[in-house]
>>> print(open('final-v6.csv').read())   # CSV, N, CA and C atoms
chain,number,residue,atom,x,y,z
A,2,MET,N,0.8,-1.2,0.0
A,2,MET,CA,0.0,0.0,0.0
A,2,MET,C,0.9,1.3,0.0
A,3,PHE,N,2.0,1.2,0.6
A,3,PHE,CA,2.9,2.3,0.6
A,3,PHE,C,3.2,2.8,-0.8
A,4,ASN,N,3.5,1.8,-1.7
A,4,ASN,CA,3.9,2.1,-3.1
A,4,ASN,C,2.7,2.7,-3.8
A,5,LEU,N,1.5,2.3,-3.5
A,5,LEU,CA,0.3,2.8,-4.2
A,5,LEU,C,0.1,4.3,-3.8
A,6,VAL,N,0.3,4.6,-2.5
A,6,VAL,CA,0.1,6.0,-2.1
A,6,VAL,C,1.3,6.8,-2.6
A,7,ALA,N,2.5,6.3,-2.6
A,7,ALA,CA,3.7,7.0,-3.1
A,7,ALA,C,3.6,7.3,-4.6
A,8,ASP,N,2.8,6.6,-5.3
A,8,ASP,CA,2.7,6.8,-6.8
A,8,ASP,C,1.8,8.0,-7.1
A,9,VAL,N,2.3,9.2,-6.7
A,9,VAL,CA,1.5,10.4,-6.8
A,9,VAL,C,1.1,10.7,-8.2
A,10,GLU,N,1.9,10.3,-9.2
A,10,GLU,CA,1.6,10.6,-10.6
A,10,GLU,C,0.3,10.0,-11.1
A,11,SER,N,-0.1,8.9,-10.4
A,11,SER,CA,-1.4,8.2,-10.7
A,11,SER,C,-2.6,8.8,-10.1
A,12,TYR,N,-2.5,9.7,-9.2
A,12,TYR,CA,-3.6,10.3,-8.5
A,12,TYR,C,-4.7,10.8,-9.4
A,13,PRO,N,-4.4,11.5,-10.5
A,13,PRO,CA,-5.5,12.0,-11.4
A,13,PRO,C,-6.4,10.9,-12.0
A,14,LYS,N,-5.9,9.6,-12.0
A,14,LYS,CA,-6.6,8.5,-12.6
A,14,LYS,C,-7.8,8.1,-11.6
A,15,PHE,N,-7.6,8.3,-10.3
A,15,PHE,CA,-8.6,7.8,-9.4
A,15,PHE,C,-9.0,8.6,-8.2
A,16,LEU,N,-8.3,9.7,-7.9
A,16,LEU,CA,-8.6,10.4,-6.7
A,16,LEU,C,-9.6,11.5,-7.0
A,17,PRO,N,-10.7,11.6,-6.2
A,17,PRO,CA,-11.7,12.6,-6.4
A,17,PRO,C,-11.1,14.0,-6.4
A,18,LEU,N,-11.6,14.8,-7.3
A,18,LEU,CA,-11.2,16.2,-7.4
A,18,LEU,C,-9.8,16.5,-8.0
A,19,CYS,N,-8.9,15.5,-8.1
A,19,CYS,CA,-7.6,15.7,-8.6
A,19,CYS,C,-7.6,15.7,-10.1
A,20,ARG,N,-7.4,16.8,-10.7
A,20,ARG,CA,-7.4,17.0,-12.2
A,20,ARG,C,-6.1,16.7,-12.8
A,21,ASP,N,-5.0,17.1,-12.1
A,21,ASP,CA,-3.7,16.9,-12.7
A,21,ASP,C,-2.6,16.9,-11.6
A,22,LEU,N,-1.5,16.3,-11.8
A,22,LEU,CA,-0.4,16.3,-10.8
A,22,LEU,C,0.9,16.1,-11.6
A,23,LYS,N,1.8,17.1,-11.3
A,23,LYS,CA,3.1,17.1,-12.0
A,23,LYS,C,4.2,17.1,-10.9
A,24,VAL,N,5.1,16.2,-11.0
A,24,VAL,CA,6.3,16.2,-10.1
A,24,VAL,C,7.3,17.2,-10.6
A,25,ARG,N,7.7,18.2,-9.8
A,25,ARG,CA,8.7,19.2,-10.2
A,25,ARG,C,10.1,18.6,-10.0
A,26,SER,N,10.3,18.0,-8.9
A,26,SER,CA,11.6,17.5,-8.6
A,26,SER,C,11.5,16.3,-7.7
A,27,ARG,N,12.6,15.5,-7.7
A,27,ARG,CA,12.8,14.3,-6.9
A,27,ARG,C,14.2,14.3,-6.3
A,28,SER,N,14.4,14.0,-5.1
A,28,SER,CA,15.7,13.9,-4.5
A,28,SER,C,15.7,12.9,-3.4
A,29,THR,N,16.9,12.4,-3.1
A,29,THR,CA,17.0,11.4,-2.0
A,29,THR,C,17.9,12.0,-1.0
A,30,LEU,N,17.4,12.0,0.3
A,30,LEU,CA,18.2,12.5,1.4
A,30,LEU,C,19.3,11.5,1.8
A,31,ALA,N,20.2,12.0,2.6
A,31,ALA,CA,21.3,11.1,3.1
A,31,ALA,C,20.8,9.9,3.9
A,32,ASP,N,19.6,10.1,4.6
A,32,ASP,CA,19.0,9.0,5.4
A,32,ASP,C,18.2,8.1,4.5
A,33,GLY,N,18.1,8.3,3.2
A,33,GLY,CA,17.4,7.4,2.3
A,33,GLY,C,16.0,7.8,2.0
A,34,ARG,N,15.4,8.8,2.7
A,34,ARG,CA,14.1,9.3,2.4
A,34,ARG,C,14.1,10.0,1.1
A,35,GLU,N,13.0,9.7,0.3
A,35,GLU,CA,12.9,10.4,-1.0
A,35,GLU,C,11.9,11.6,-0.8
A,36,VAL,N,12.3,12.7,-1.5
A,36,VAL,CA,11.5,13.9,-1.3
A,36,VAL,C,11.1,14.4,-2.7
A,37,LEU,N,9.8,14.6,-2.9
A,37,LEU,CA,9.2,15.1,-4.2
A,37,LEU,C,8.6,16.4,-3.9
A,38,VAL,N,8.7,17.3,-4.9
A,38,VAL,CA,7.9,18.5,-4.9
A,38,VAL,C,7.0,18.4,-6.1
A,39,ALA,N,5.7,18.5,-5.8
A,39,ALA,CA,4.7,18.3,-6.8
A,39,ALA,C,3.6,19.4,-6.8
A,40,ASP,N,3.1,19.6,-8.0
A,40,ASP,CA,2.0,20.6,-8.2
A,40,ASP,C,0.7,19.8,-8.5
A,41,MET,N,-0.3,20.0,-7.7
A,41,MET,CA,-1.6,19.3,-7.9
A,41,MET,C,-2.6,20.3,-8.3
A,42,GLU,N,-3.4,20.0,-9.3
A,42,GLU,CA,-4.6,20.8,-9.6
A,42,GLU,C,-5.8,20.1,-9.2
A,43,VAL,N,-6.6,20.7,-8.4
A,43,VAL,CA,-7.9,20.2,-8.0
A,43,VAL,C,-9.0,21.0,-8.5
A,44,GLY,N,-10.2,20.4,-8.8
A,44,GLY,CA,-11.3,21.1,-9.3
A,44,GLY,C,-12.6,20.4,-9.2
A,45,TYR,N,-13.6,21.2,-9.2
A,45,TYR,CA,-15.0,20.7,-9.2
A,45,TYR,C,-15.8,21.8,-10.0
A,46,LYS,N,-16.4,21.3,-11.1
A,46,LYS,CA,-17.1,22.2,-12.0
A,46,LYS,C,-16.2,23.3,-12.4
A,47,ALA,N,-16.7,24.6,-12.2
A,47,ALA,CA,-15.9,25.7,-12.7
A,47,ALA,C,-14.8,26.1,-11.7
A,48,ILE,N,-14.7,25.6,-10.6
A,48,ILE,CA,-13.7,25.9,-9.6
A,48,ILE,C,-12.4,25.1,-9.8
A,49,ARG,N,-11.3,25.7,-10.0
A,49,ARG,CA,-10.0,25.1,-10.1
A,49,ARG,C,-9.0,25.8,-9.3
A,50,GLU,N,-8.2,25.0,-8.6
A,50,GLU,CA,-7.1,25.6,-7.8
A,50,GLU,C,-5.9,24.7,-7.9
A,51,SER,N,-4.7,25.3,-7.9
A,51,SER,CA,-3.5,24.5,-7.9
A,51,SER,C,-2.7,24.8,-6.6
A,52,PHE,N,-2.0,23.8,-6.2
A,52,PHE,CA,-1.1,24.0,-5.0
A,52,PHE,C,0.1,23.1,-5.1
A,53,THR,N,1.2,23.5,-4.4
A,53,THR,CA,2.5,22.8,-4.5
A,53,THR,C,2.7,22.3,-3.1
A,54,SER,N,3.2,21.0,-3.1
A,54,SER,CA,3.5,20.3,-1.8
A,54,SER,C,4.8,19.6,-1.9
A,55,ARG,N,5.4,19.4,-0.7
A,55,ARG,CA,6.6,18.6,-0.6
A,55,ARG,C,6.1,17.3,0.0
A,56,VAL,N,6.5,16.2,-0.7
A,56,VAL,CA,6.1,14.9,-0.3
A,56,VAL,C,7.4,14.1,0.2
A,57,THR,N,7.4,13.7,1.4
A,57,THR,CA,8.5,12.9,1.9
A,57,THR,C,8.1,11.4,2.1
A,58,LEU,N,8.8,10.6,1.3
A,58,LEU,CA,8.5,9.1,1.3
A,58,LEU,C,9.6,8.5,2.2
A,59,ASP,N,9.1,8.0,3.4
A,59,ASP,CA,10.0,7.4,4.4
A,59,ASP,C,9.7,5.9,4.5
A,60,ARG,N,10.3,5.2,3.6
A,60,ARG,CA,10.0,3.7,3.5
A,60,ARG,C,10.5,3.0,4.8
A,61,GLY,N,11.6,3.4,5.4
A,61,GLY,CA,12.1,2.8,6.6
A,61,GLY,C,11.1,2.9,7.7
A,62,ASN,N,10.4,3.9,7.8
A,62,ASN,CA,9.4,4.1,8.9
A,62,ASN,C,8.0,3.9,8.4
A,63,SER,N,7.8,3.5,7.2
A,63,SER,CA,6.5,3.3,6.6
A,63,SER,C,5.6,4.5,6.7
A,64,GLU,N,6.2,5.7,6.4
A,64,GLU,CA,5.4,7.0,6.5
A,64,GLU,C,5.6,7.8,5.3
A,65,ILE,N,4.5,8.5,5.0
A,65,ILE,CA,4.5,9.5,3.9
A,65,ILE,C,4.0,10.8,4.6
A,66,LEU,N,4.8,11.9,4.4
A,66,LEU,CA,4.4,13.2,4.9
A,66,LEU,C,4.2,14.2,3.7
A,67,VAL,N,3.1,14.9,3.7
A,67,VAL,CA,2.8,15.8,2.6
A,67,VAL,C,2.7,17.2,3.3
A,68,GLU,N,3.6,18.1,2.9
A,68,GLU,CA,3.7,19.5,3.5
A,68,GLU,C,3.4,20.5,2.4
A,69,TYR,N,2.6,21.4,2.7
A,69,TYR,CA,2.1,22.5,1.8
A,69,TYR,C,3.3,23.5,1.6
A,70,ILE,N,3.4,23.9,0.3
A,70,ILE,CA,4.4,24.9,0.0
A,70,ILE,C,3.7,26.2,-0.4
A,71,SER,N,2.8,26.1,-1.4
A,71,SER,CA,2.1,27.3,-1.9
A,71,SER,C,0.8,27.0,-2.5
A,72,GLY,N,-0.1,28.0,-2.6
A,72,GLY,CA,-1.4,27.8,-3.2
A,72,GLY,C,-2.5,28.4,-2.4
A,73,PRO,N,-3.7,27.9,-2.4
A,73,PRO,CA,-4.9,28.6,-1.8
A,73,PRO,C,-5.1,28.4,-0.3
A,74,PHE,N,-4.1,27.6,0.3
A,74,PHE,CA,-4.3,27.3,1.7
A,74,PHE,C,-3.4,28.1,2.6
A,75,ARG,N,-3.8,28.3,3.8
A,75,ARG,CA,-2.9,28.9,4.8
A,75,ARG,C,-2.0,27.8,5.4
A,76,HIS,N,-2.6,26.6,5.4
A,76,HIS,CA,-1.9,25.5,6.0
A,76,HIS,C,-2.5,24.2,5.4
A,77,LEU,N,-1.7,23.2,5.0
A,77,LEU,CA,-2.1,21.9,4.6
A,77,LEU,C,-1.0,20.9,4.9
A,78,GLU,N,-1.4,19.9,5.6
A,78,GLU,CA,-0.4,18.8,5.9
A,78,GLU,C,-1.2,17.5,6.1
A,79,ASN,N,-0.7,16.5,5.5
A,79,ASN,CA,-1.2,15.2,5.7
A,79,ASN,C,-0.1,14.2,5.9
A,80,ARG,N,-0.5,13.2,6.7
A,80,ARG,CA,0.5,12.1,7.1
A,80,ARG,C,-0.1,10.8,7.0
A,81,TRP,N,0.6,9.9,6.4
A,81,TRP,CA,0.2,8.5,6.2
A,81,TRP,C,1.1,7.6,7.0
A,82,HIS,N,0.6,6.6,7.7
A,82,HIS,CA,1.5,5.7,8.4
A,82,HIS,C,0.9,4.3,8.1
A,83,PHE,N,1.8,3.4,7.7
A,83,PHE,CA,1.4,2.0,7.2
A,83,PHE,C,1.9,1.0,8.2
A,84,THR,N,1.0,0.1,8.6
A,84,THR,CA,1.4,-1.0,9.5
A,84,THR,C,1.0,-2.3,8.8
A,85,GLU,N,2.0,-3.1,8.5
A,85,GLU,CA,1.6,-4.4,7.8
A,85,GLU,C,1.0,-5.4,8.8
A,86,LEU,N,-0.1,-5.9,8.5
A,86,LEU,CA,-0.8,-6.8,9.4
A,86,LEU,C,-0.6,-8.3,8.9
A,87,GLY,N,-0.3,-8.4,7.7
A,87,GLY,CA,-0.1,-9.8,7.1
A,87,GLY,C,0.3,-9.6,5.6
A,88,PRO,N,0.5,-10.7,4.9
A,88,PRO,CA,1.0,-10.6,3.6
A,88,PRO,C,0.0,-9.8,2.6
A,89,GLU,N,-1.3,-9.8,2.9
A,89,GLU,CA,-2.2,-9.1,2.1
A,89,GLU,C,-3.1,-8.1,2.8
A,90,SER,N,-2.6,-7.6,4.0
A,90,SER,CA,-3.4,-6.6,4.7
A,90,SER,C,-2.5,-5.6,5.4
A,91,SER,N,-3.0,-4.4,5.5
A,91,SER,CA,-2.3,-3.3,6.2
A,91,SER,C,-3.3,-2.5,7.0
A,92,LYS,N,-2.8,-1.9,8.0
A,92,LYS,CA,-3.5,-0.9,8.7
A,92,LYS,C,-2.9,0.5,8.2
A,93,ILE,N,-3.8,1.4,7.9
A,93,ILE,CA,-3.3,2.7,7.4
A,93,ILE,C,-3.9,3.8,8.2
A,94,ASP,N,-3.1,4.6,8.8
A,94,ASP,CA,-3.5,5.8,9.5
A,94,ASP,C,-3.3,7.0,8.6
A,95,PHE,N,-4.3,7.8,8.5
A,95,PHE,CA,-4.2,9.0,7.6
A,95,PHE,C,-4.8,10.2,8.4
A,96,ASP,N,-3.9,11.2,8.5
A,96,ASP,CA,-4.4,12.5,9.2
A,96,ASP,C,-4.2,13.6,8.3
A,97,ILE,N,-5.1,14.5,8.3
A,97,ILE,CA,-5.0,15.7,7.4
A,97,ILE,C,-5.5,16.9,8.2
A,98,ALA,N,-4.7,18.0,8.0
A,98,ALA,CA,-5.1,19.3,8.6
A,98,ALA,C,-4.9,20.4,7.6
A,99,TYR,N,-5.9,21.2,7.4
A,99,TYR,CA,-5.8,22.3,6.4
A,99,TYR,C,-6.7,23.5,6.8
A,100,GLU,N,-6.3,24.6,6.2
A,100,GLU,CA,-7.1,25.9,6.4
A,100,GLU,C,-6.9,26.7,5.1
A,101,PHE,N,-8.0,27.2,4.5
A,101,PHE,CA,-7.9,28.0,3.4
A,101,PHE,C,-7.4,29.4,3.8
A,102,LYS,N,-6.7,30.1,2.8
A,102,LYS,CA,-6.3,31.5,3.1
A,102,LYS,C,-7.5,32.4,3.0
A,103,SER,N,-8.4,32.1,2.1
A,103,SER,CA,-9.6,33.0,1.8
A,103,SER,C,-10.8,32.4,2.5
A,104,ARG,N,-11.5,33.2,3.3
A,104,ARG,CA,-12.7,32.8,4.0
A,104,ARG,C,-13.8,32.5,2.9
A,105,THR,N,-13.8,33.3,1.8
A,105,THR,CA,-14.8,33.1,0.7
A,105,THR,C,-14.6,31.8,0.1
A,106,LEU,N,-13.3,31.4,-0.2
A,106,LEU,CA,-13.0,30.1,-0.8
A,106,LEU,C,-13.4,29.0,0.1
A,107,ALA,N,-13.1,29.2,1.4
A,107,ALA,CA,-13.5,28.2,2.4
A,107,ALA,C,-15.0,27.9,2.4
A,108,LEU,N,-15.8,29.0,2.3
A,108,LEU,CA,-17.2,28.9,2.3
A,108,LEU,C,-17.7,28.2,1.0
A,109,LEU,N,-17.1,28.6,-0.1
A,109,LEU,CA,-17.5,28.0,-1.4
A,109,LEU,C,-17.2,26.6,-1.6
A,110,VAL,N,-15.9,26.2,-1.2
A,110,VAL,CA,-15.5,24.8,-1.5
A,110,VAL,C,-15.2,24.0,-0.2
A,111,GLY,N,-15.3,24.6,0.9
A,111,GLY,CA,-14.9,23.8,2.2
A,111,GLY,C,-15.7,22.6,2.3
A,112,GLY,N,-17.0,22.7,2.1
A,112,GLY,CA,-17.9,21.5,2.3
A,112,GLY,C,-17.6,20.4,1.2
A,113,MET,N,-17.2,20.9,0.0
A,113,MET,CA,-16.9,19.9,-1.0
A,113,MET,C,-15.6,19.2,-0.7
A,114,PHE,N,-14.6,19.9,-0.1
A,114,PHE,CA,-13.4,19.3,0.3
A,114,PHE,C,-13.6,18.3,1.4
A,115,GLU,N,-14.4,18.7,2.3
A,115,GLU,CA,-14.7,17.7,3.4
A,115,GLU,C,-15.3,16.4,2.8
A,116,ALA,N,-16.3,16.5,1.9
A,116,ALA,CA,-16.9,15.4,1.3
A,116,ALA,C,-15.8,14.6,0.5
A,117,ALA,N,-14.9,15.3,-0.2
A,117,ALA,CA,-13.9,14.6,-1.0
A,117,ALA,C,-12.9,13.8,-0.1
A,118,PHE,N,-12.5,14.4,1.0
A,118,PHE,CA,-11.6,13.8,1.9
A,118,PHE,C,-12.2,12.5,2.5
A,119,ARG,N,-13.5,12.5,2.7
A,119,ARG,CA,-14.2,11.3,3.2
A,119,ARG,C,-14.2,10.2,2.1
A,120,LYS,N,-14.1,10.6,0.8
A,120,LYS,CA,-14.1,9.7,-0.3
A,120,LYS,C,-12.7,9.2,-0.6
A,121,PHE,N,-11.7,9.9,-0.1
A,121,PHE,CA,-10.3,9.5,-0.4
A,121,PHE,C,-10.0,8.0,0.0
A,122,ALA,N,-10.4,7.7,1.2
A,122,ALA,CA,-10.1,6.3,1.7
A,122,ALA,C,-10.7,5.3,0.7
A,123,GLU,N,-12.0,5.6,0.3
A,123,GLU,CA,-12.7,4.7,-0.6
A,123,GLU,C,-12.0,4.6,-1.9
A,124,ALA,N,-11.5,5.7,-2.4
A,124,ALA,CA,-10.8,5.8,-3.7
A,124,ALA,C,-9.5,5.0,-3.6
A,125,PHE,N,-8.7,5.1,-2.5
A,125,PHE,CA,-7.5,4.3,-2.4
A,125,PHE,C,-7.8,2.8,-2.3
A,126,GLU,N,-8.8,2.5,-1.6
A,126,GLU,CA,-9.2,1.1,-1.5
A,126,GLU,C,-9.6,0.5,-2.8
A,127,SER,N,-10.3,1.2,-3.6
A,127,SER,CA,-10.7,0.8,-4.9
A,127,SER,C,-9.5,0.7,-5.8
A,128,ARG,N,-8.5,1.6,-5.7
A,128,ARG,CA,-7.3,1.6,-6.5
A,128,ARG,C,-6.5,0.4,-6.1
A,129,ALA,N,-6.4,0.1,-4.8
A,129,ALA,CA,-5.7,-1.1,-4.3
A,129,ALA,C,-6.3,-2.4,-4.9
A,130,ASP,N,-7.6,-2.5,-4.9
A,130,ASP,CA,-8.2,-3.7,-5.5
A,130,ASP,C,-7.8,-3.8,-7.0
A,131,LEU,N,-7.8,-2.7,-7.7
A,131,LEU,CA,-7.5,-2.7,-9.1
A,131,LEU,C,-6.0,-3.1,-9.3
A,132,VAL,N,-5.1,-2.5,-8.6
A,132,VAL,CA,-3.7,-2.7,-8.7
A,132,VAL,C,-3.2,-4.0,-8.2
A,133,TYR,N,-3.7,-4.4,-7.1
A,133,TYR,CA,-3.3,-5.7,-6.5
A,133,TYR,C,-4.2,-6.9,-6.8
A,134,GLY,N,-5.3,-6.6,-7.5
A,134,GLY,CA,-6.1,-7.7,-7.9
A,134,GLY,C,-7.0,-8.4,-6.9
A,135,HIS,N,-7.3,-7.7,-5.8
A,135,HIS,CA,-8.2,-8.2,-4.7
A,135,HIS,C,-9.6,-7.6,-4.9
A,136,ALA,N,-10.6,-8.3,-4.8
A,136,ALA,CA,-11.9,-7.8,-4.9
A,136,ALA,C,-12.7,-8.0,-3.6
>>> encode(input="final-v6.csv", output="structure tokens")
Amino acid sequence: MFNLVADVESYPKFLPLCRDLKVRSRSTLADGREVLVADMEVGYKAIRESFTSRVTLDRGNSEILVEYISGPFRHLENRWHFTELGPESSKIDFDIAYEFKSRTLALLVGGMFEAAFRKFAEAFESRADLVYGHA
């Protein structure tokens, strides 16, 4: 599951609201963690926003940290932690915290984002079934 979530370039294929994602850069830190800087475009109907994030892939600790760099948010951070339960099962903890810069934008799309975040887990489960062949 770590690899499925780390494959950010595939997000537009299955993740709600994700219209496009481009990786600007990739680097590997001395401790082995991989760091990506990516631009994601999200949208719903006529509303489109882009933002840039730093994604740290920490395979050794089974964690992925996404930190906001720029865009319509005042703050955005999400963290994934993966615990292998068996050969074909994992426990995944996902935490997200965000705040829009604009109160108007928050009022316009805040509820939509809340609904989308609730659907993210479902989208990743469906993607895992497709990629790993479990139904």
>>> residues_around(input="final-v6.csv", residues="stretch 61-68 of chain A", least_positions_apart="5", cutoff="9 Å", atoms="only C-alpha atoms", output="PyMOL selection string")
chain A and resi 3+6-7+33-34+53-56+76-84
>>> select_by_dssp(input="final-v6.csv", residues="stretch 33-127 of chain A", states="strand (DSSP E or B)", output="MDAnalysis selection string")
chainID A and resid 35:45 48:59 64:71 74:87 90:101
>>> closest_residue(input="final-v6.csv", among="A:Phe52, A:Arg60, A:Glu89, A:Asp94", to="A:Phe74", atoms="only C-alpha atoms")
A:Phe52
>>> residues_around(input="final-v6.csv", residues="stretch 39-50 of chain A", least_positions_apart="6", cutoff="7 Å", atoms="all atoms listed in the file", output="list in words")
Pro17, Leu18, Cys19, Arg20, Asp21, Leu22, Lys23, Val24, Arg25, Ser26, Val56 and Pro73 of chain A
>>> closest_residue(input="final-v6.csv", among="A:Ala107, A:Phe15, A:Val9, A:Ala98", to="A:Leu131", atoms="only C-alpha atoms")
A:Phe15
>>> atom_distance(input="final-v6.csv", atom1="atom C of A:Pro88", atom2="atom N of A:Phe125")
18.0 Å
>>> closest_residue(input="final-v6.csv", among="A:Thr29, A:Phe118, A:Glu126, A:Val38", to="A:Glu10", atoms="only C-alpha atoms")
A:Val38
>>> residues_near_point(input="final-v6.csv", point="(9.5, 8.1, -2.2)", cutoff="6 Å", atoms="all atoms listed in the file", output="JSON, numbers by chain")
{"A": [7, 34, 35, 36, 57, 58, 59]}
>>> atom_distance(input="final-v6.csv", atom1="atom N of A:Gly87", atom2="atom N of A:Phe121")
22.9 Å
>>> closest_residue(input="final-v6.csv", among="A:Ser51, A:Leu108, A:Tyr12, A:Ser90", to="A:Tyr133", atoms="only C-alpha atoms")
A:Ser90
